[in-house]
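upload.pdb follows (PDB, C-alpha atoms):
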ATOM      1  CA  THR A   1     -10.161  -2.221   1.859  1.00  0.00           C
ATOM      2  CA  ALA A   2      -9.240   1.429   2.299  1.00  0.00           C
ATOM      3  CA  GLY A   3     -12.326   2.502   0.372  1.00  0.00           C
ATOM      4  CA  SER A   4     -14.732   0.774   2.762  1.00  0.00           C
ATOM      5  CA  ALA A   5     -12.942   1.216   6.113  1.00  0.00           C
ATOM      6  CA  PRO A   6     -15.186   4.015   7.500  1.00  0.00           C
ATOM      7  CA  GLU A   7     -18.348   2.179   6.436  1.00  0.00           C
ATOM      8  CA  VAL A   8     -17.254  -0.980   8.248  1.00  0.00           C
ATOM      9  CA  ALA A   9     -16.288   0.961  11.383  1.00  0.00           C
ATOM     10  CA  GLN A  10     -19.688   2.646  11.405  1.00  0.00           C
ATOM     11  CA  ALA A  11     -21.462  -0.690  11.008  1.00  0.00           C
ATOM     12  CA  VAL A  12     -19.544  -2.176  13.943  1.00  0.00           C
ATOM     13  CA  ALA A  13     -20.259   0.889  16.087  1.00  0.00           C
ATOM     14  CA  GLU A  14     -23.987   0.602  15.331  1.00  0.00           C
ATOM     15  CA  ILE A  15     -24.040  -3.092  16.239  1.00  0.00           C
ATOM     16  CA  SER A  16     -21.950  -2.376  19.371  1.00  0.00           C
ATOM     17  CA  PRO A  17     -20.669  -5.921  19.919  1.00  0.00           C
ATOM     18  CA  SER A  18     -18.886  -6.843  23.125  1.00  0.00           C
ATOM     19  CA  LEU A  19     -15.363  -6.093  21.940  1.00  0.00           C
ATOM     20  CA  ILE A  20     -12.279  -5.143  23.916  1.00  0.00           C
ATOM     21  CA  ALA A  21     -10.644  -3.481  20.915  1.00  0.00           C
ATOM     22  CA  TYR A  22     -11.058  -2.796  17.224  1.00  0.00           C
ATOM     23  CA  PHE A  23      -7.902  -2.947  15.091  1.00  0.00           C
ATOM     24  CA  ASP A  24      -8.129  -1.177  11.736  1.00  0.00           C
ATOM     25  CA  MET A  25      -5.284  -2.429   9.542  1.00  0.00           C
ATOM     26  CA  ASN A  26      -6.471  -0.620   6.419  1.00  0.00           C
ATOM     27  CA  SER A  27      -4.141   1.895   4.793  1.00  0.00           C
ATOM     28  CA  VAL A  28      -6.126   5.087   5.320  1.00  0.00           C
ATOM     29  CA  ALA A  29      -5.358   8.680   6.254  1.00  0.00           C
ATOM     30  CA  PRO A  30      -4.847   9.635   9.913  1.00  0.00           C
ATOM     31  CA  ALA A  31      -7.962  11.823   9.737  1.00  0.00           C
ATOM     32  CA  THR A  32      -9.986   8.835   8.525  1.00  0.00           C
ATOM     33  CA  LYS A  33      -8.770   6.729  11.444  1.00  0.00           C
ATOM     34  CA  ARG A  34      -9.560   9.502  13.936  1.00  0.00           C
ATOM     35  CA  HIS A  35     -13.089   9.681  12.514  1.00  0.00           C
ATOM     36  CA  GLU A  36     -13.485   5.913  12.882  1.00  0.00           C
ATOM     37  CA  ALA A  37     -12.116   6.063  16.438  1.00  0.00           C
ATOM     38  CA  GLU A  38     -14.767   8.599  17.436  1.00  0.00           C
ATOM     39  CA  MET A  39     -17.544   6.316  16.201  1.00  0.00           C
ATOM     40  CA  LEU A  40     -16.226   3.190  17.877  1.00  0.00           C
ATOM     41  CA  GLU A  41     -15.148   4.750  21.150  1.00  0.00           C
ATOM     42  CA  SER A  42     -18.602   6.299  21.493  1.00  0.00           C
ATOM     43  CA  ALA A  43     -19.855   2.705  21.422  1.00  0.00           C
ATOM     44  CA  GLY A  44     -17.428   1.746  24.189  1.00  0.00           C
ATOM     45  CA  ILE A  45     -14.918  -0.014  21.933  1.00  0.00           C
ATOM     46  CA  SER A  46     -11.216   0.827  22.115  1.00  0.00           C
ATOM     47  CA  TYR A  47      -9.791   1.760  18.735  1.00  0.00           C
ATOM     48  CA  VAL A  48      -6.237   0.780  17.808  1.00  0.00           C
ATOM     49  CA  ASP A  49      -4.637   2.489  14.815  1.00  0.00           C
ATOM     50  CA  THR A  50      -2.831  -0.410  13.123  1.00  0.00           C
ATOM     51  CA  ALA A  51      -0.382  -0.270  10.206  1.00  0.00           C
ATOM     52  CA  VAL A  52       0.934  -3.368   8.420  1.00  0.00           C
ATOM     53  CA  MET A  53       4.429  -2.479   7.228  1.00  0.00           C
ATOM     54  CA  ALA A  54       5.299  -5.316   4.825  1.00  0.00           C
ATOM     55  CA  PRO A  55       3.625  -7.933   2.608  1.00  0.00           C
ATOM     56  CA  ILE A  56       1.838 -10.611   4.657  1.00  0.00           C
ATOM     57  CA  HIS A  57       3.645 -13.388   2.799  1.00  0.00           C
ATOM     58  CA  PRO A  58       5.954 -15.011   3.714  1.00  0.00           C
ATOM     59  CA  ARG A  59       5.966 -13.896   7.389  1.00  0.00           C
ATOM     60  CA  LEU A  60       2.191 -14.195   7.885  1.00  0.00           C
ATOM     61  CA  HIS A  61       1.258 -13.214  11.479  1.00  0.00           C
ATOM     62  CA  ARG A  62       4.895 -12.221  12.115  1.00  0.00           C
ATOM     63  CA  THR A  63       4.703  -9.391   9.586  1.00  0.00           C
ATOM     64  CA  PRO A  64       5.831  -6.106  11.234  1.00  0.00           C
ATOM     65  CA  VAL A  65       2.870  -4.101  12.547  1.00  0.00           C
ATOM     66  CA  LEU A  66       2.754  -0.635  14.109  1.00  0.00           C
ATOM     67  CA  LEU A  67       0.173   0.242  16.770  1.00  0.00           C
ATOM     68  CA  ALA A  68      -1.036   3.617  18.060  1.00  0.00           C
ATOM     69  CA  GLY A  69      -3.806   4.819  20.332  1.00  0.00           C
ATOM     70  CA  PRO A  70      -4.629   5.365  24.009  1.00  0.00           C
ATOM     71  CA  THR A  71      -4.933   1.623  24.717  1.00  0.00           C
ATOM     72  CA  ALA A  72      -2.252   0.346  22.311  1.00  0.00           C
ATOM     73  CA  ALA A  73       0.436  -0.081  24.981  1.00  0.00           C
ATOM     74  CA  ASP A  74      -1.919  -2.094  27.193  1.00  0.00           C
ATOM     75  CA  ILE A  75      -3.078  -4.377  24.371  1.00  0.00           C
ATOM     76  CA  GLU A  76       0.275  -4.900  22.622  1.00  0.00           C
ATOM     77  CA  PRO A  77       1.559  -7.568  25.072  1.00  0.00           C
ATOM     78  CA  VAL A  78      -1.372  -9.809  24.115  1.00  0.00           C
ATOM     79  CA  LEU A  79      -0.354  -9.680  20.450  1.00  0.00           C
ATOM     80  CA  ALA A  80       3.302 -10.175  21.322  1.00  0.00           C
ATOM     81  CA  ALA A  81       2.379 -13.291  23.283  1.00  0.00           C
ATOM     82  CA  TRP A  82       0.857 -14.687  20.084  1.00  0.00           C
ATOM     83  CA  GLY A  83       4.220 -14.277  18.353  1.00  0.00           C
ATOM     84  CA  MET A  84       3.278 -11.161  16.393  1.00  0.00           C
ATOM     85  CA  ASP A  85       5.907  -8.552  15.501  1.00  0.00           C
ATOM     86  CA  THR A  86       4.310  -5.420  16.952  1.00  0.00           C
ATOM     87  CA  ARG A  87       5.597  -2.019  18.026  1.00  0.00           C
ATOM     88  CA  VAL A  88       3.689   0.797  19.735  1.00  0.00           C
ATOM     89  CA  VAL A  89       4.552   4.159  18.155  1.00  0.00           C
ATOM     90  CA  GLY A  90       2.428   6.433  20.325  1.00  0.00           C
ATOM     91  CA  ALA A  91      -0.832   7.060  22.116  1.00  0.00           C
ATOM     92  CA  GLU A  92      -2.218   9.330  19.394  1.00  0.00           C
ATOM     93  CA  ILE A  93      -4.684   7.868  16.898  1.00  0.00           C
ATOM     94  CA  GLY A  94      -3.266   8.423  13.409  1.00  0.00           C
ATOM     95  CA  ARG A  95       0.422   8.199  14.252  1.00  0.00           C
ATOM     96  CA  ALA A  96       0.824   4.641  12.932  1.00  0.00           C
ATOM     97  CA  SER A  97      -1.227   5.583   9.896  1.00  0.00           C
ATOM     98  CA  SER A  98       0.976   8.630   9.221  1.00  0.00           C
ATOM     99  CA  ILE A  99       4.061   6.439   9.104  1.00  0.00           C
ATOM    100  CA  LYS A 100       2.410   4.002   6.680  1.00  0.00           C
ATOM    101  CA  MET A 101       0.874   6.695   4.497  1.00  0.00           C
ATOM    102  CA  LEU A 102       4.059   8.730   4.082  1.00  0.00           C
ATOM    103  CA  ARG A 103       6.099   5.606   3.431  1.00  0.00           C
ATOM    104  CA  SER A 104       3.626   4.728   0.672  1.00  0.00           C
ATOM    105  CA  VAL A 105       4.378   8.016  -1.094  1.00  0.00           C
ATOM    106  CA  MET A 106       7.737   6.449  -1.883  1.00  0.00           C
ATOM    107  CA  ILE A 107       6.916   2.735  -2.135  1.00  0.00           C
ATOM    108  CA  LYS A 108       3.788   2.963  -4.310  1.00  0.00           C
ATOM    109  CA  GLY A 109       5.225   5.944  -6.166  1.00  0.00           C
ATOM    110  CA  LEU A 110       8.311   3.951  -7.116  1.00  0.00           C
ATOM    111  CA  GLU A 111       6.062   1.152  -8.338  1.00  0.00           C
ATOM    112  CA  ALA A 112       4.337   3.595 -10.675  1.00  0.00           C
ATOM    113  CA  LEU A 113       7.617   5.156 -11.820  1.00  0.00           C
ATOM    114  CA  THR A 114       9.289   1.839 -12.595  1.00  0.00           C
ATOM    115  CA  ALA A 115       6.218   0.723 -14.552  1.00  0.00           C
ATOM    116  CA  GLU A 116       6.222   3.929 -16.576  1.00  0.00           C
ATOM    117  CA  MET A 117       9.944   3.639 -17.229  1.00  0.00           C
ATOM    118  CA  GLY A 118       9.910  -0.081 -18.023  1.00  0.00           C
ATOM    119  CA  LEU A 119       7.046   0.051 -20.520  1.00  0.00           C
ATOM    120  CA  ALA A 120       8.460   3.102 -22.279  1.00  0.00           C
ATOM    121  CA  ALA A 121      11.898   1.459 -22.479  1.00  0.00           C
ATOM    122  CA  GLU A 122      10.403  -1.682 -24.019  1.00  0.00           C
ATOM    123  CA  ARG A 123       8.412   0.315 -26.567  1.00  0.00           C
ATOM    124  CA  ALA A 124      11.565   2.266 -27.472  1.00  0.00           C
ATOM    125  CA  GLY A 125      13.571  -0.965 -27.752  1.00  0.00           C
ATOM    126  CA  VAL A 126      16.132   0.059 -25.124  1.00  0.00           C
ATOM    127  CA  THR A 127      15.122  -2.006 -22.070  1.00  0.00           C
ATOM    128  CA  ASP A 128      18.487  -3.709 -21.577  1.00  0.00           C
ATOM    129  CA  GLU A 129      20.387  -0.447 -21.879  1.00  0.00           C
ATOM    130  CA  VAL A 130      18.155   1.447 -19.450  1.00  0.00           C
ATOM    131  CA  ILE A 131      18.235  -1.345 -16.854  1.00  0.00           C
ATOM    132  CA  ASP A 132      22.014  -1.690 -17.163  1.00  0.00           C
ATOM    133  CA  SER A 133      22.396   2.064 -16.627  1.00  0.00           C
ATOM    134  CA  LEU A 134      20.187   1.991 -13.511  1.00  0.00           C
ATOM    135  CA  ASN A 135      22.055  -1.014 -12.107  1.00  0.00           C
ATOM    136  CA  ALA A 136      25.328   0.850 -12.575  1.00  0.00           C
ATOM    137  CA  SER A 137      23.978   3.999 -10.899  1.00  0.00           C
ATOM    138  CA  PHE A 138      22.387   2.157  -7.974  1.00  0.00           C
ATOM    139  CA  PRO A 139      24.502  -0.921  -7.219  1.00  0.00           C
ATOM    140  CA  GLY A 140      22.780  -3.507  -5.071  1.00  0.00           C
ATOM    141  CA  VAL A 141      19.387  -3.060  -6.740  1.00  0.00           C
ATOM    142  CA  ASP A 142      18.320  -5.427  -9.523  1.00  0.00           C
ATOM    143  CA  TRP A 143      16.208  -2.922 -11.445  1.00  0.00           C
ATOM    144  CA  GLY A 144      15.049  -5.447 -14.007  1.00  0.00           C
ATOM    145  CA  ALA A 145      13.712  -7.857 -11.400  1.00  0.00           C
ATOM    146  CA  TRP A 146      12.229  -5.077  -9.293  1.00  0.00           C
ATOM    147  CA  THR A 147      10.484  -3.413 -12.236  1.00  0.00           C
ATOM    148  CA  SER A 148       9.082  -6.763 -13.357  1.00  0.00           C
ATOM    149  CA  TYR A 149       7.823  -7.482  -9.825  1.00  0.00           C
ATOM    150  CA  ASN A 150       6.151  -4.066  -9.646  1.00  0.00           C
ATOM    151  CA  LEU A 151       4.340  -4.640 -12.945  1.00  0.00           C
ATOM    152  CA  GLU A 152       2.788  -7.834 -11.588  1.00  0.00           C
ATOM    153  CA  ARG A 153       1.888  -6.240  -8.248  1.00  0.00           C
ATOM    154  CA  MET A 154       0.177  -3.286  -9.936  1.00  0.00           C
ATOM    155  CA  THR A 155      -1.890  -5.378 -12.347  1.00  0.00           C
ATOM    156  CA  THR A 156      -2.944  -7.674  -9.486  1.00  0.00           C
ATOM    157  CA  HIS A 157      -3.496  -5.128  -6.700  1.00  0.00           C
ATOM    158  CA  GLY A 158      -3.734  -1.791  -8.499  1.00  0.00           C
ATOM    159  CA  VAL A 159      -7.318  -0.978  -7.500  1.00  0.00           C
ATOM    160  CA  ARG A 160      -6.623  -1.541  -3.799  1.00  0.00           C
ATOM    161  CA  ARG A 161      -3.357   0.385  -4.095  1.00  0.00           C
ATOM    162  CA  ALA A 162      -5.175   3.281  -5.787  1.00  0.00           C
ATOM    163  CA  GLU A 163      -7.654   3.450  -2.877  1.00  0.00           C
ATOM    164  CA  GLU A 164      -4.722   3.544  -0.465  1.00  0.00           C
ATOM    165  CA  MET A 165      -2.995   6.282  -2.436  1.00  0.00           C
ATOM    166  CA  GLU A 166      -6.174   8.376  -2.429  1.00  0.00           C
ATOM    167  CA  GLU A 167      -5.879   8.289   1.351  1.00  0.00           C
ATOM    168  CA  VAL A 168      -2.230   9.308   0.994  1.00  0.00           C
ATOM    169  CA  VAL A 169      -3.392  12.302  -1.060  1.00  0.00           C
ATOM    170  CA  LYS A 170      -5.671  13.272   1.854  1.00  0.00           C
ATOM    171  CA  THR A 171      -2.784  12.832   4.288  1.00  0.00           C
ATOM    172  CA  LEU A 172      -0.493  15.104   2.300  1.00  0.00           C
ATOM    173  CA  ALA A 173      -3.218  17.715   1.829  1.00  0.00           C
ATOM    174  CA  ASP A 174      -3.925  17.730   5.572  1.00  0.00           C
ATOM    175  CA  LEU A 175      -0.217  18.401   6.131  1.00  0.00           C
ATOM    176  CA  GLY A 176      -0.215  21.283   3.647  1.00  0.00           C
ATOM    177  CA  ILE A 177       1.826  19.385   1.021  1.00  0.00           C
ATOM    178  CA  GLU A 178       0.594  19.486  -2.584  1.00  0.00           C
ATOM    179  CA  PRO A 179       0.251  15.824  -3.669  1.00  0.00           C
ATOM    180  CA  ASP A 180       1.398  16.456  -7.249  1.00  0.00           C
ATOM    181  CA  LEU A 181       3.252  13.185  -7.827  1.00  0.00           C
ATOM    182  CA  THR A 182       1.024  11.080  -5.598  1.00  0.00           C
ATOM    183  CA  GLU A 183      -2.065  12.000  -7.613  1.00  0.00           C
ATOM    184  CA  GLY A 184      -0.251  10.584 -10.655  1.00  0.00           C
ATOM    185  CA  THR A 185       0.465   7.422  -8.699  1.00  0.00           C
ATOM    186  CA  VAL A 186      -3.257   7.057  -7.978  1.00  0.00           C
ATOM    187  CA  ARG A 187      -4.099   7.255 -11.681  1.00  0.00           C
ATOM    188  CA  ARG A 188      -1.464   4.769 -12.811  1.00  0.00           C
ATOM    189  CA  GLN A 189      -2.191   2.244 -10.059  1.00  0.00           C
ATOM    190  CA  ARG A 190      -5.921   2.340 -10.849  1.00  0.00           C
ATOM    191  CA  ARG A 191      -5.337   2.082 -14.595  1.00  0.00           C
ATOM    192  CA  PHE A 192      -3.265  -1.055 -14.136  1.00  0.00           C
ATOM    193  CA  GLY A 193      -5.628  -2.581 -11.585  1.00  0.00           C
ATOM    194  CA  GLU A 194      -8.697  -2.023 -13.760  1.00  0.00           C
ATOM    195  CA  SER A 195      -7.034  -3.476 -16.861  1.00  0.00           C
ATOM    196  CA  ASP A 196      -7.609  -6.981 -18.232  1.00  0.00           C
ATOM    197  CA  VAL A 197      -3.934  -7.842 -17.902  1.00  0.00           C
ATOM    198  CA  VAL A 198      -3.090 -11.100 -16.131  1.00  0.00           C
ATOM    199  CA  LEU A 199       0.595 -11.738 -15.503  1.00  0.00           C
ATOM    200  CA  ASP A 200       1.952 -15.134 -14.526  1.00  0.00           C
ATOM    201  CA  SER A 201       3.710 -14.664 -11.203  1.00  0.00           C
ATOM    202  CA  GLY A 202       5.997 -17.555 -12.130  1.00  0.00           C
ATOM    203  CA  SER A 203       7.336 -15.851 -15.266  1.00  0.00           C
ATOM    204  CA  PRO A 204       9.171 -12.754 -14.005  1.00  0.00           C
ATOM    205  CA  ASP A 205      10.930 -11.740 -17.220  1.00  0.00           C
ATOM    206  CA  LEU A 206      10.626  -7.951 -17.528  1.00  0.00           C
ATOM    207  CA  GLN A 207      10.495  -7.779 -21.284  1.00  0.00           C
ATOM    208  CA  GLU A 208       7.891 -10.545 -21.520  1.00  0.00           C
ATOM    209  CA  ARG A 209       5.658  -8.833 -18.959  1.00  0.00           C
ATOM    210  CA  SER A 210       6.118  -5.446 -20.641  1.00  0.00           C
ATOM    211  CA  ARG A 211       5.092  -6.886 -24.007  1.00  0.00           C
ATOM    212  CA  ILE A 212       1.958  -8.476 -22.529  1.00  0.00           C
ATOM    213  CA  ILE A 213       0.904  -5.167 -20.980  1.00  0.00           C
ATOM    214  CA  LEU A 214       1.704  -3.136 -24.101  1.00  0.00           C
ATOM    215  CA  SER A 215      -0.309  -5.515 -26.269  1.00  0.00           C
ATOM    216  CA  THR A 216      -3.270  -5.771 -23.861  1.00  0.00           C
ATOM    217  CA  MET A 217      -3.901  -2.347 -22.338  1.00  0.00           C
ATOM    218  CA  LYS A 218      -5.573   0.230 -24.569  1.00  0.00           C
ATOM    219  CA  ILE A 219      -4.369   3.148 -22.465  1.00  0.00           C
ATOM    220  CA  ILE A 220      -0.966   2.736 -20.892  1.00  0.00           C
TER     221      ILE A 220
END
Can you present the structure in this file as structure tokens?
Amino acid sequence: TAGSAPEVAQAVAEISPSLIAYFDMNSVAPATKRHEAEMLESAGISYVDTAVMAPIHPRLHRTPVLLAGPTAADIEPVLAAWGMDTRVVGAEIGRASSIKMLRSVMIKGLEALTAEMGLAAERAGVTDEVIDSLNASFPGVDWGAWTSYNLERMTTHGVRRAEEMEEVVKTLADLGIEPDLTEGTVRRQRRFGESDVVLDSGSPDLQERSRIILSTMKII
């Protein structure tokens, strides 16, 4: 995971196996990937900054992936021959990671915002009205279904998402942007991930999921 990526890279560099390339698909800051690249390239292993840009299911190995690094363009045809959906975005380590990290400001941030909104609406007894208002303001988005999906994703993957968002905080700070909202996303993702809530992925009703969370979590 994002929290252990540098440790794993260091372990591989110390072992120095006979590798052509090392692909780090973890969601970590560009600076973290550059640090890993230094360790591995000093061991004679090419480092490829790799960013997975969508959930692995249902596309599996055809999930869109971005590649960056000095050897990315040379290695990419091998992956393409395996049927992978890859795109080289530059020769600079950290460029693929920057795209993923800054996208996550929005994607993971919206997860946290919809959770906050959905639970508060359920506690206030106005879920239907709030969702109807959002659907009217943003046609084409099913806010009830999306909010319900985000609740399940956060309770299932919140710890891993929080680690990723900590790396996003580093990315923003390195760019001179105060990570005010993203730091809040870190806290909410971790709180959900560390909770005892278990949501049935086959029961996507927003109000049902909201009630389970409200009745289970001590601190919302």
Evaluate the PyMOL selection byres ((chain A and resi 59-66) around 10) here and jot the selected residues down as a ChimeraX atom specification.
/A:25,48-58,67-68,72,76,79-80,82-90,95-97,99-100
Target residues per the PyMOL selection byres ((chain A and resi 167-173) around 10), formatted as an mmCIF file with C-alpha atoms, in the frame of the given file:
data_model
loop_
_atom_site.group_PDB
_atom_site.id
_atom_site.type_symbol
_atom_site.label_atom_id
_atom_site.label_comp_id
_atom_site.auth_asym_id
_atom_site.auth_seq_id
_atom_site.Cartn_x
_atom_site.Cartn_y
_atom_site.Cartn_z
ATOM 1 C CA ALA A 2 -9.240 1.429 2.299
ATOM 2 C CA GLY A 3 -12.326 2.502 0.372
ATOM 3 C CA SER A 27 -4.141 1.895 4.793
ATOM 4 C CA VAL A 28 -6.126 5.087 5.320
ATOM 5 C CA ALA A 29 -5.358 8.680 6.254
ATOM 6 C CA PRO A 30 -4.847 9.635 9.913
ATOM 7 C CA ALA A 31 -7.962 11.823 9.737
ATOM 8 C CA THR A 32 -9.986 8.835 8.525
ATOM 9 C CA SER A 97 -1.227 5.583 9.896
ATOM 10 C CA SER A 98 0.976 8.630 9.221
ATOM 11 C CA LYS A 100 2.410 4.002 6.680
ATOM 12 C CA MET A 101 0.874 6.695 4.497
ATOM 13 C CA LEU A 102 4.059 8.730 4.082
ATOM 14 C CA ARG A 103 6.099 5.606 3.431
ATOM 15 C CA SER A 104 3.626 4.728 0.672
ATOM 16 C CA VAL A 105 4.378 8.016 -1.094
ATOM 17 C CA ARG A 161 -3.357 0.385 -4.095
ATOM 18 C CA ALA A 162 -5.175 3.281 -5.787
ATOM 19 C CA GLU A 163 -7.654 3.450 -2.877
ATOM 20 C CA GLU A 164 -4.722 3.544 -0.465
ATOM 21 C CA MET A 165 -2.995 6.282 -2.436
ATOM 22 C CA GLU A 166 -6.174 8.376 -2.429
ATOM 23 C CA ASP A 174 -3.925 17.730 5.572
ATOM 24 C CA LEU A 175 -0.217 18.401 6.131
ATOM 25 C CA GLY A 176 -0.215 21.283 3.647
ATOM 26 C CA ILE A 177 1.826 19.385 1.021
ATOM 27 C CA GLU A 178 0.594 19.486 -2.584
ATOM 28 C CA PRO A 179 0.251 15.824 -3.669
ATOM 29 C CA ASP A 180 1.398 16.456 -7.249
ATOM 30 C CA LEU A 181 3.252 13.185 -7.827
ATOM 31 C CA THR A 182 1.024 11.080 -5.598
ATOM 32 C CA GLU A 183 -2.065 12.000 -7.613
ATOM 33 C CA THR A 185 0.465 7.422 -8.699
ATOM 34 C CA VAL A 186 -3.257 7.057 -7.978
#
Find the residues near A:Pro70: any atom within 10 Å, counting only C-alpha atoms, skip ones fewer than 4 places away on the same chain, and give them as a CSV table (one decimal) with C-alpha atoms, in the frame of the given file.
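selection_34.csv, freshly written:
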chain,number,residue,atom,x,y,z
A,46,SER,CA,-11.2,0.8,22.1
A,47,TYR,CA,-9.8,1.8,18.7
A,48,VAL,CA,-6.2,0.8,17.8
A,49,ASP,CA,-4.6,2.5,14.8
A,74,ASP,CA,-1.9,-2.1,27.2
A,75,ILE,CA,-3.1,-4.4,24.4
A,90,GLY,CA,2.4,6.4,20.3
A,91,ALA,CA,-0.8,7.1,22.1
A,92,GLU,CA,-2.2,9.3,19.4
A,93,ILE,CA,-4.7,7.9,16.9
Would you list the contacts of A:Leu206 as an mmCIF file with C-alpha atoms, in the coordinates of the input, taking every protein, DNA or RNA residue within 10 Å and counting all atoms listed in the file, but skipping same-chain residues closer than 3 positions in sequence?
data_model
loop_
_atom_site.group_PDB
_atom_site.id
_atom_site.type_symbol
_atom_site.label_atom_id
_atom_site.label_comp_id
_atom_site.auth_asym_id
_atom_site.auth_seq_id
_atom_site.Cartn_x
_atom_site.Cartn_y
_atom_site.Cartn_z
ATOM 1 C CA GLY A 118 9.910 -0.081 -18.023
ATOM 2 C CA LEU A 119 7.046 0.051 -20.520
ATOM 3 C CA GLU A 122 10.403 -1.682 -24.019
ATOM 4 C CA THR A 127 15.122 -2.006 -22.070
ATOM 5 C CA ASP A 128 18.487 -3.709 -21.577
ATOM 6 C CA TRP A 143 16.208 -2.922 -11.445
ATOM 7 C CA GLY A 144 15.049 -5.447 -14.007
ATOM 8 C CA ALA A 145 13.712 -7.857 -11.400
ATOM 9 C CA TRP A 146 12.229 -5.077 -9.293
ATOM 10 C CA THR A 147 10.484 -3.413 -12.236
ATOM 11 C CA SER A 148 9.082 -6.763 -13.357
ATOM 12 C CA TYR A 149 7.823 -7.482 -9.825
ATOM 13 C CA ASN A 150 6.151 -4.066 -9.646
ATOM 14 C CA LEU A 151 4.340 -4.640 -12.945
ATOM 15 C CA GLU A 152 2.788 -7.834 -11.588
ATOM 16 C CA SER A 203 7.336 -15.851 -15.266
ATOM 17 C CA ARG A 209 5.658 -8.833 -18.959
ATOM 18 C CA SER A 210 6.118 -5.446 -20.641
ATOM 19 C CA ARG A 211 5.092 -6.886 -24.007
#
Nearest residue to A:Glu38 out of A:Ala21, A:Ala9, A:Val130, A:Leu214, using all atoms listed in the file?
A:Ala9
Pairwise distance, atom CA of A:Arg187 with atom CA of A:Thr155, equals 12.8 Å
Atom CA of A:Val159 to atom CA of A:Leu110, straight-line distance in Å
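Computed distance, atom CA of A:Leu110 to atom CA of A:Val159, equals 16.4 Å.
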Straight-line distance linking atom CA of A:Glu129 with atom CA of A:Glu111, stated in Å to one decimal:
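If I compute the distance from atom CA of A:Glu129 to atom CA of A:Glu111, I get 19.8 Å.
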Tell me which of A:Ile131, A:Met154, A:Ala121, A:Ala11 sits closest to A:Ser201, counting all atoms listed in the file.
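Among A:Ile131, A:Met154, A:Ala121, A:Ala11, it is A:Met154 that comes nearest to A:Ser201.
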Hey, can I get the axis-aligned box for stretch 161-165 of chain A? All listed atoms, 8 Å padding on each side, centre and edge lengths in Å to one decimal, as JSON.
{"center_x": -5.3, "center_y": 3.3, "center_z": -3.1, "size_x": 20.7, "size_y": 21.9, "size_z": 21.3}
So which one's closest to A:Arg190, A:Arg160, A:Arg123, A:Arg153, A:Lys218? Using all atoms listed in the file, please.
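Looking at the shortest contact to A:Arg190, the residue is A:Arg160.
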Find the residues near A:Ile220: any atom within 9 Å, counting all atoms listed in the file, skip ones fewer than 3 places away on the same chain, and give them as an NGL selection string.
:A and (116 or 119 or 188 or 191-192 or 213-214 or 217)
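Closest approach to A:Gly94 from the set A:Ile107, A:Ala37, A:Ala73, A:Ala124 is made by A:Ala37, with distances taken over only C-alpha atoms.
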Given the choices A:Thr114, A:Gln207, A:Gln10, A:Asn135, which gets closest to A:Gln189 if the distance is worked out from only C-alpha atoms?
A:Thr114
Of the candidates A:Val126, A:Leu113, A:Ile219, A:Val12, which one gets nearest to A:Asp196 if we count only C-alpha atoms?
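Smallest distance to A:Asp196 is found for A:Ile219.
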As a PDB file, keeping the file's coordinate frame, please: stretch 190-198 of chain A completed to N, CA, C and O atoms.
ATOM      1  N   ARG A 190      -4.551   2.718 -10.504  1.00  0.00           N
ATOM      2  CA  ARG A 190      -5.921   2.340 -10.849  1.00  0.00           C
ATOM      3  C   ARG A 190      -6.009   1.835 -12.292  1.00  0.00           C
ATOM      4  O   ARG A 190      -6.716   0.860 -12.579  1.00  0.00           O
ATOM      5  N   ARG A 191      -5.302   2.488 -13.193  1.00  0.00           N
ATOM      6  CA  ARG A 191      -5.337   2.082 -14.595  1.00  0.00           C
ATOM      7  C   ARG A 191      -4.844   0.648 -14.756  1.00  0.00           C
ATOM      8  O   ARG A 191      -5.426  -0.142 -15.501  1.00  0.00           O
ATOM      9  N   PHE A 192      -3.785   0.307 -14.054  1.00  0.00           N
ATOM     10  CA  PHE A 192      -3.265  -1.055 -14.136  1.00  0.00           C
ATOM     11  C   PHE A 192      -4.224  -2.040 -13.472  1.00  0.00           C
ATOM     12  O   PHE A 192      -4.479  -3.123 -13.995  1.00  0.00           O
ATOM     13  N   GLY A 193      -4.743  -1.685 -12.311  1.00  0.00           N
ATOM     14  CA  GLY A 193      -5.628  -2.581 -11.585  1.00  0.00           C
ATOM     15  C   GLY A 193      -6.935  -2.854 -12.305  1.00  0.00           C
ATOM     16  O   GLY A 193      -7.504  -3.941 -12.177  1.00  0.00           O
ATOM     17  N   GLU A 194      -7.437  -1.868 -13.051  1.00  0.00           N
ATOM     18  CA  GLU A 194      -8.697  -2.023 -13.760  1.00  0.00           C
ATOM     19  C   GLU A 194      -8.525  -2.625 -15.154  1.00  0.00           C
ATOM     20  O   GLU A 194      -9.502  -2.829 -15.860  1.00  0.00           O
ATOM     21  N   SER A 195      -7.299  -2.911 -15.545  1.00  0.00           N
ATOM     22  CA  SER A 195      -7.034  -3.476 -16.861  1.00  0.00           C
ATOM     23  C   SER A 195      -7.382  -4.967 -16.885  1.00  0.00           C
ATOM     24  O   SER A 195      -7.661  -5.578 -15.849  1.00  0.00           O
ATOM     25  N   ASP A 196      -7.352  -5.544 -18.085  1.00  0.00           N
ATOM     26  CA  ASP A 196      -7.609  -6.981 -18.232  1.00  0.00           C
ATOM     27  C   ASP A 196      -6.321  -7.791 -18.233  1.00  0.00           C
ATOM     28  O   ASP A 196      -6.330  -8.986 -18.556  1.00  0.00           O
ATOM     29  N   VAL A 197      -5.223  -7.169 -17.872  1.00  0.00           N
ATOM     30  CA  VAL A 197      -3.934  -7.842 -17.902  1.00  0.00           C
ATOM     31  C   VAL A 197      -3.828  -8.862 -16.770  1.00  0.00           C
ATOM     32  O   VAL A 197      -4.154  -8.569 -15.623  1.00  0.00           O
ATOM     33  N   VAL A 198      -3.381 -10.057 -17.120  1.00  0.00           N
ATOM     34  CA  VAL A 198      -3.090 -11.100 -16.131  1.00  0.00           C
ATOM     35  C   VAL A 198      -1.661 -11.558 -16.364  1.00  0.00           C
ATOM     36  O   VAL A 198      -1.329 -12.061 -17.442  1.00  0.00           O
TER      37      VAL A 198
END
